[in-house]
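Have a look at the structure below before the remarks.
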Amino acid sequence: MKKILIYTLTIVLGLTLLSGCLPGSSTNDSTTTESESHDLEGSKGEEYYMVTFVSEIEYWKGCYKGFEEAATRYNVTPIYDGEPDYDTDKCIKKLDEIIAKKPAGIALTCMDSEAYTESINKAMEQGIEVVCFDADSEGSNRYSFLSTDNVAAGNTAANTIADLIQNEGDVIVVTLEDQSNHQDRTKGFKETIENKYPNVNVVDVISGGSEQIKAAKATAEAIEKYPNVKAIFATDATSGTGVAAAVKEINKIGDIKILSFDTDKSTLDLIKEGTIDASLAQGTWNMGFWSLQFLFQVNHNLINPTSDWKIDGINPLPEFVDTGVSIVKKSNVDAFYID
């Protein structure tokens, strides 16, 4: 009996002590809630800016939507700002004005990599956390760059095109030859086609000229030159709509498969009607969501890879984050419209 009693008391005592670690324990719940509230909740006076160039274009809406959702989770205030004109000097002036307001952090996309360096470094020196997204300032002291790995996106584009044409046929690429991100997409595309699809031939790479009319004209000329072409990959949305116009004009919709890039409304509408077969959607929501996550976490000292990372000059964040791409088709296109 004595042994049984001791055994029973031991179990009861053990369960009593353990109850502080079990779900439903009022003591532990209170402690955890207070800790989480302290660590993962900011204040409405804590402001985080998303700053863009050509700030009124539709592309940034997805980025800011993710930024806003992350801000809501942390109870902080998100603010969208930027320069509507395609003008580097105006963009830097706008950024400096925002820095002067001393926000908690800035998620920034850079029109010119080198031009932003001084302002970014100034912000960091003042204790304003900065990450870049979509377009980087490589030489600056910003913590991290969140964007599409454009070579990897080109790989995905090649696999998608090959699937559309059943791994056989001539293909044309319409790109912007003076922009490195589009060159990377073309590079990834060509490399994957050459390495994986021996019966698919990239017969030409042409310039879309950053305008729908120019892209349509260049596409029409290329199709005339290569009448057996079975698919066209456009590395930007403007070229994609131009390609669609050219293919539609010669009644080749369905015969010539079209793969575009990005998810502006015109592209989505053309996918929905069956003119464009697919497009690659960049992870714009991810860019915004994780940008604010990173800024908040660093600002609240929640990321500590080493005890003295600031003194030792160690970056607490990943240098680069690939926010990925998704394939948009007629079957899922509705999910990509932005309210």
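In the structure tokens, chains take letters A, B, ... by order of appearance, with residues numbered from 1 within each chain and ligands from 1 in the order shown.
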*asked:* Env of A:Gln212: 6 Å cut, atoms = only C-alpha atoms, seq-sep filter 2 positions within chain, self excluded. Answer as a PyMOL selection string.
replied: chain A and resi 214-215+238-239+242
*Selection: 12 Å around A:Ser210, only C-alpha atoms, excl. self and same-chain fewer than 5 positions, as an NGL selection string*: :A and (174-179 or 182 or 215-216 or 218 or 234-242)
Next, write the just-selected residues to a file, as a PDB file, in the first residue's frame, keeping N, CA and C atoms as the atom set.
```pdb
ATOM      1  N   VAL A 174      10.689  37.168 -77.216  1.00  0.00           N
ATOM      2  CA  VAL A 174      10.556  38.627 -77.343  1.00  0.00           C
ATOM      3  C   VAL A 174      10.924  39.225 -75.990  1.00  0.00           C
ATOM      4  N   THR A 175      11.958  40.056 -75.966  1.00  0.00           N
ATOM      5  CA  THR A 175      12.499  40.515 -74.693  1.00  0.00           C
ATOM      6  C   THR A 175      12.888  41.990 -74.746  1.00  0.00           C
ATOM      7  N   LEU A 176      13.429  42.485 -73.647  1.00  0.00           N
ATOM      8  CA  LEU A 176      13.970  43.844 -73.570  1.00  0.00           C
ATOM      9  C   LEU A 176      15.474  43.696 -73.390  1.00  0.00           C
ATOM     10  N   GLU A 177      16.211  43.899 -74.452  1.00  0.00           N
ATOM     11  CA  GLU A 177      17.621  43.533 -74.471  1.00  0.00           C
ATOM     12  C   GLU A 177      18.510  44.446 -73.642  1.00  0.00           C
ATOM     13  N   ASP A 178      18.007  45.607 -73.236  1.00  0.00           N
ATOM     14  CA  ASP A 178      18.841  46.544 -72.476  1.00  0.00           C
ATOM     15  C   ASP A 178      18.608  46.454 -70.969  1.00  0.00           C
ATOM     16  N   GLN A 179      17.848  45.464 -70.510  1.00  0.00           N
ATOM     17  CA  GLN A 179      17.571  45.314 -69.078  1.00  0.00           C
ATOM     18  C   GLN A 179      18.061  43.956 -68.596  1.00  0.00           C
ATOM     19  N   HIS A 182      15.640  40.993 -67.788  1.00  0.00           N
ATOM     20  CA  HIS A 182      15.084  40.329 -68.973  1.00  0.00           C
ATOM     21  C   HIS A 182      16.148  39.493 -69.690  1.00  0.00           C
ATOM     22  N   ALA A 215       6.325  45.840 -80.126  1.00  0.00           N
ATOM     23  CA  ALA A 215       6.397  44.394 -79.929  1.00  0.00           C
ATOM     24  C   ALA A 215       5.546  43.651 -80.958  1.00  0.00           C
ATOM     25  N   ALA A 216       4.374  44.199 -81.272  1.00  0.00           N
ATOM     26  CA  ALA A 216       3.486  43.578 -82.264  1.00  0.00           C
ATOM     27  C   ALA A 216       4.135  43.580 -83.644  1.00  0.00           C
ATOM     28  N   ALA A 218       7.413  43.824 -84.371  1.00  0.00           N
ATOM     29  CA  ALA A 218       8.573  42.940 -84.382  1.00  0.00           C
ATOM     30  C   ALA A 218       8.145  41.476 -84.431  1.00  0.00           C
ATOM     31  N   ALA A 234       7.328  35.883 -74.251  1.00  0.00           N
ATOM     32  CA  ALA A 234       7.571  37.312 -74.039  1.00  0.00           C
ATOM     33  C   ALA A 234       8.017  37.506 -72.590  1.00  0.00           C
ATOM     34  N   THR A 235       9.148  38.178 -72.386  1.00  0.00           N
ATOM     35  CA  THR A 235       9.705  38.301 -71.034  1.00  0.00           C
ATOM     36  C   THR A 235       9.108  39.454 -70.234  1.00  0.00           C
ATOM     37  N   ASP A 236       8.178  40.209 -70.823  1.00  0.00           N
ATOM     38  CA  ASP A 236       7.478  41.261 -70.071  1.00  0.00           C
ATOM     39  C   ASP A 236       6.038  41.354 -70.564  1.00  0.00           C
ATOM     40  N   ALA A 237       5.203  41.977 -69.739  1.00  0.00           N
ATOM     41  CA  ALA A 237       3.770  42.019 -70.037  1.00  0.00           C
ATOM     42  C   ALA A 237       3.449  42.852 -71.268  1.00  0.00           C
ATOM     43  N   THR A 238       4.155  43.969 -71.448  1.00  0.00           N
ATOM     44  CA  THR A 238       3.896  44.828 -72.607  1.00  0.00           C
ATOM     45  C   THR A 238       4.192  44.089 -73.905  1.00  0.00           C
ATOM     46  N   SER A 239       5.321  43.393 -73.931  1.00  0.00           N
ATOM     47  CA  SER A 239       5.641  42.590 -75.112  1.00  0.00           C
ATOM     48  C   SER A 239       4.620  41.480 -75.300  1.00  0.00           C
ATOM     49  N   GLY A 240       4.160  40.909 -74.190  1.00  0.00           N
ATOM     50  CA  GLY A 240       3.176  39.829 -74.272  1.00  0.00           C
ATOM     51  C   GLY A 240       1.892  40.257 -74.944  1.00  0.00           C
ATOM     52  N   THR A 241       1.391  41.453 -74.586  1.00  0.00           N
ATOM     53  CA  THR A 241       0.167  41.939 -75.235  1.00  0.00           C
ATOM     54  C   THR A 241       0.423  42.285 -76.694  1.00  0.00           C
ATOM     55  N   GLY A 242       1.634  42.743 -77.002  1.00  0.00           N
ATOM     56  CA  GLY A 242       1.988  43.012 -78.397  1.00  0.00           C
ATOM     57  C   GLY A 242       2.051  41.734 -79.214  1.00  0.00           C
TER      58      GLY A 242
END
```
*Nearest to A:Asp85: which of A:Val229, A:Ala245, A:Val333, A:Ile57 is it, counting only C-alpha atoms?*
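Nearest to A:Asp85: A:Ile57.
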*asked:* Nearest residue to A:Asn150 out of A:Ser119, A:Asn315, A:Thr323, A:Thr263, using only C-alpha atoms?
replied: A:Thr323
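Shortest atom-to-atom contact with A:Ser260 among A:Asn301, A:Thr109, A:Ser331, A:Thr160: A:Thr160, counting only C-alpha atoms.
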*Taking the chain letters and numbering used in this document, name the residues of stretch 77-159 of chain A that DSSP puts in strand (DSSP E or B), as a PyMOL selection string.*
chain A and resi 77-83+105-108+129-133+145-147
Hey, can you spit out that residue selection with N, CA, C and O atoms as a PDB file, in the first residue's frame?
```pdb
ATOM      1  N   THR A  77       1.820  50.424 -38.711  1.00  0.00           N
ATOM      2  CA  THR A  77       1.213  51.226 -39.777  1.00  0.00           C
ATOM      3  C   THR A  77       2.023  51.138 -41.068  1.00  0.00           C
ATOM      4  O   THR A  77       3.195  51.543 -41.095  1.00  0.00           O
ATOM      5  N   PRO A  78       1.427  50.617 -42.159  1.00  0.00           N
ATOM      6  CA  PRO A  78       2.099  50.601 -43.456  1.00  0.00           C
ATOM      7  C   PRO A  78       1.758  51.870 -44.241  1.00  0.00           C
ATOM      8  O   PRO A  78       0.624  52.360 -44.184  1.00  0.00           O
ATOM      9  N   ILE A  79       2.717  52.398 -44.967  1.00  0.00           N
ATOM     10  CA  ILE A  79       2.495  53.593 -45.784  1.00  0.00           C
ATOM     11  C   ILE A  79       3.110  53.355 -47.160  1.00  0.00           C
ATOM     12  O   ILE A  79       4.271  52.950 -47.264  1.00  0.00           O
ATOM     13  N   TYR A  80       2.329  53.608 -48.195  1.00  0.00           N
ATOM     14  CA  TYR A  80       2.837  53.481 -49.564  1.00  0.00           C
ATOM     15  C   TYR A  80       3.184  54.863 -50.103  1.00  0.00           C
ATOM     16  O   TYR A  80       2.405  55.815 -49.981  1.00  0.00           O
ATOM     17  N   ASP A  81       4.363  54.992 -50.702  1.00  0.00           N
ATOM     18  CA  ASP A  81       4.781  56.274 -51.269  1.00  0.00           C
ATOM     19  C   ASP A  81       5.768  55.995 -52.397  1.00  0.00           C
ATOM     20  O   ASP A  81       6.248  54.868 -52.560  1.00  0.00           O
ATOM     21  N   GLY A  82       6.051  57.007 -53.163  1.00  0.00           N
ATOM     22  CA  GLY A  82       6.997  56.844 -54.259  1.00  0.00           C
ATOM     23  C   GLY A  82       6.863  57.973 -55.257  1.00  0.00           C
ATOM     24  O   GLY A  82       6.030  58.866 -55.116  1.00  0.00           O
ATOM     25  N   GLU A  83       7.708  57.919 -56.258  1.00  0.00           N
ATOM     26  CA  GLU A  83       7.732  58.940 -57.295  1.00  0.00           C
ATOM     27  C   GLU A  83       7.009  58.430 -58.539  1.00  0.00           C
ATOM     28  O   GLU A  83       7.375  57.385 -59.088  1.00  0.00           O
ATOM     29  N   GLY A 105      11.118  51.565 -40.642  1.00  0.00           N
ATOM     30  CA  GLY A 105      11.776  50.813 -41.691  1.00  0.00           C
ATOM     31  C   GLY A 105      11.261  51.189 -43.067  1.00  0.00           C
ATOM     32  O   GLY A 105      10.178  51.762 -43.200  1.00  0.00           O
ATOM     33  N   ILE A 106      12.060  50.851 -44.083  1.00  0.00           N
ATOM     34  CA  ILE A 106      11.705  51.166 -45.473  1.00  0.00           C
ATOM     35  C   ILE A 106      11.952  49.943 -46.350  1.00  0.00           C
ATOM     36  O   ILE A 106      13.038  49.359 -46.334  1.00  0.00           O
ATOM     37  N   ALA A 107      10.943  49.552 -47.102  1.00  0.00           N
ATOM     38  CA  ALA A 107      11.087  48.559 -48.165  1.00  0.00           C
ATOM     39  C   ALA A 107      11.156  49.338 -49.469  1.00  0.00           C
ATOM     40  O   ALA A 107      10.229  50.067 -49.815  1.00  0.00           O
ATOM     41  N   LEU A 108      12.235  49.173 -50.195  1.00  0.00           N
ATOM     42  CA  LEU A 108      12.550  50.079 -51.301  1.00  0.00           C
ATOM     43  C   LEU A 108      12.849  49.316 -52.580  1.00  0.00           C
ATOM     44  O   LEU A 108      13.547  48.305 -52.567  1.00  0.00           O
ATOM     45  N   GLU A 129      15.757  50.748 -40.602  1.00  0.00           N
ATOM     46  CA  GLU A 129      16.032  49.483 -41.279  1.00  0.00           C
ATOM     47  C   GLU A 129      15.600  49.572 -42.740  1.00  0.00           C
ATOM     48  O   GLU A 129      14.541  50.120 -43.051  1.00  0.00           O
ATOM     49  N   VAL A 130      16.423  49.019 -43.643  1.00  0.00           N
ATOM     50  CA  VAL A 130      16.113  49.067 -45.075  1.00  0.00           C
ATOM     51  C   VAL A 130      16.321  47.697 -45.713  1.00  0.00           C
ATOM     52  O   VAL A 130      17.344  47.045 -45.502  1.00  0.00           O
ATOM     53  N   VAL A 131      15.314  47.257 -46.469  1.00  0.00           N
ATOM     54  CA  VAL A 131      15.482  46.114 -47.368  1.00  0.00           C
ATOM     55  C   VAL A 131      15.046  46.567 -48.759  1.00  0.00           C
ATOM     56  O   VAL A 131      14.241  47.488 -48.897  1.00  0.00           O
ATOM     57  N   CYS A 132      15.600  45.938 -49.773  1.00  0.00           N
ATOM     58  CA  CYS A 132      15.197  46.233 -51.150  1.00  0.00           C
ATOM     59  C   CYS A 132      14.373  45.067 -51.696  1.00  0.00           C
ATOM     60  O   CYS A 132      14.569  43.914 -51.293  1.00  0.00           O
ATOM     61  N   PHE A 133      13.467  45.384 -52.609  1.00  0.00           N
ATOM     62  CA  PHE A 133      12.679  44.338 -53.256  1.00  0.00           C
ATOM     63  C   PHE A 133      12.541  44.678 -54.739  1.00  0.00           C
ATOM     64  O   PHE A 133      12.602  45.840 -55.130  1.00  0.00           O
ATOM     65  N   PHE A 145      17.701  41.582 -50.177  1.00  0.00           N
ATOM     66  CA  PHE A 145      17.042  41.844 -51.458  1.00  0.00           C
ATOM     67  C   PHE A 145      16.073  40.708 -51.741  1.00  0.00           C
ATOM     68  O   PHE A 145      16.464  39.543 -51.805  1.00  0.00           O
ATOM     69  N   LEU A 146      14.799  41.055 -51.894  1.00  0.00           N
ATOM     70  CA  LEU A 146      13.744  40.065 -52.142  1.00  0.00           C
ATOM     71  C   LEU A 146      13.214  40.262 -53.560  1.00  0.00           C
ATOM     72  O   LEU A 146      12.687  41.326 -53.898  1.00  0.00           O
ATOM     73  N   SER A 147      13.349  39.240 -54.385  1.00  0.00           N
ATOM     74  CA  SER A 147      12.962  39.415 -55.783  1.00  0.00           C
ATOM     75  C   SER A 147      12.861  38.068 -56.483  1.00  0.00           C
ATOM     76  O   SER A 147      13.135  37.020 -55.902  1.00  0.00           O
TER      77      SER A 147
END
```
_Which residue is closest to A:Phe294? Choose from A:Asp255, A:Glu319, A:Glu118, A:Asp112 and count only C-alpha atoms._
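Among the listed residues, A:Glu319 lies closest to A:Phe294.
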